[in-house]
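Visitor: Got a structure here, written out as structure tokens. Questions coming.
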Amino acid sequence: MIKKEEKSASSMQVVCFKVGTEEYGIEILRVQEILKLPKITKLPKSADYILGLIDLRGKVIPIIDLSRKFSIEESRSATRNLRAIVVDINNKKVGLAIDSVSHVIKVDSKDIEPAPPIVKGISGRYIVGIAKVDKGFVIVLDITQIFSAEELNAMGAGSQE
């Protein structure tokens, strides 16, 4: 009797969150913590997607507004309800300002479609793929590709360990 192919498909856990009306996800191993945004210190003459800096237990961390970075029309009335996902990108801690965290899902690799040709180019660089879930789709991001080397250097405030 011939065995059906063993389930060798890899899977990953993805933290799902909303930016505007779309649902995005980041592999859970990349996420250090999720927090309600404390007071943000604004930086003069910084890129428009940089909200500013926060003090997280003695470490200075830049906060990036993903809606501005992705050129999504702002759907929020105020920044007081924002959350931040703290991630580590090339040994730099960065806070990603998002609208809300929804849940964590487990996704099989076979359920992640490659990014469609329409998003190739700059945005296609940081989209791992589109995960098919019960309620629709989750755009899975590769956070290591969201920022260029120059942008990471400009955010060097979070590099100390």
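By order in the structure tokens, chains are A, B, ...; within a chain, residues start at 1; ligands start at 1, following the order shown.
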So that I can check the surroundings of region 87-103 of chain A, please list as a PyMOL selection string every protein, DNA and RNA residue that reaches within 8 Å of it, counting only C-alpha atoms and ignoring chain neighbours fewer than 3 positions away.

Guide: chain A and resi 15-20+30-33+37+61-67+76+81-84+143-144+152+156-160

Visitor: Give the helix (DSSP H, G or I) residues of region 7-128 of chain A, as DSSP finds them on the backbone, and put them as number ranges by chain.

Guide: A: 28-30, 66-69, 79-81, 109-111, 117-119, 122-125

Visitor: Pick from A:Val104, A:Val133, A:Leu29, A:Leu35: nearest to Ile85 (chain A), with only C-alpha atoms counted?

Guide: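 Residue with the minimum atom-to-atom distance to Ile85 (chain A): A:Leu35.
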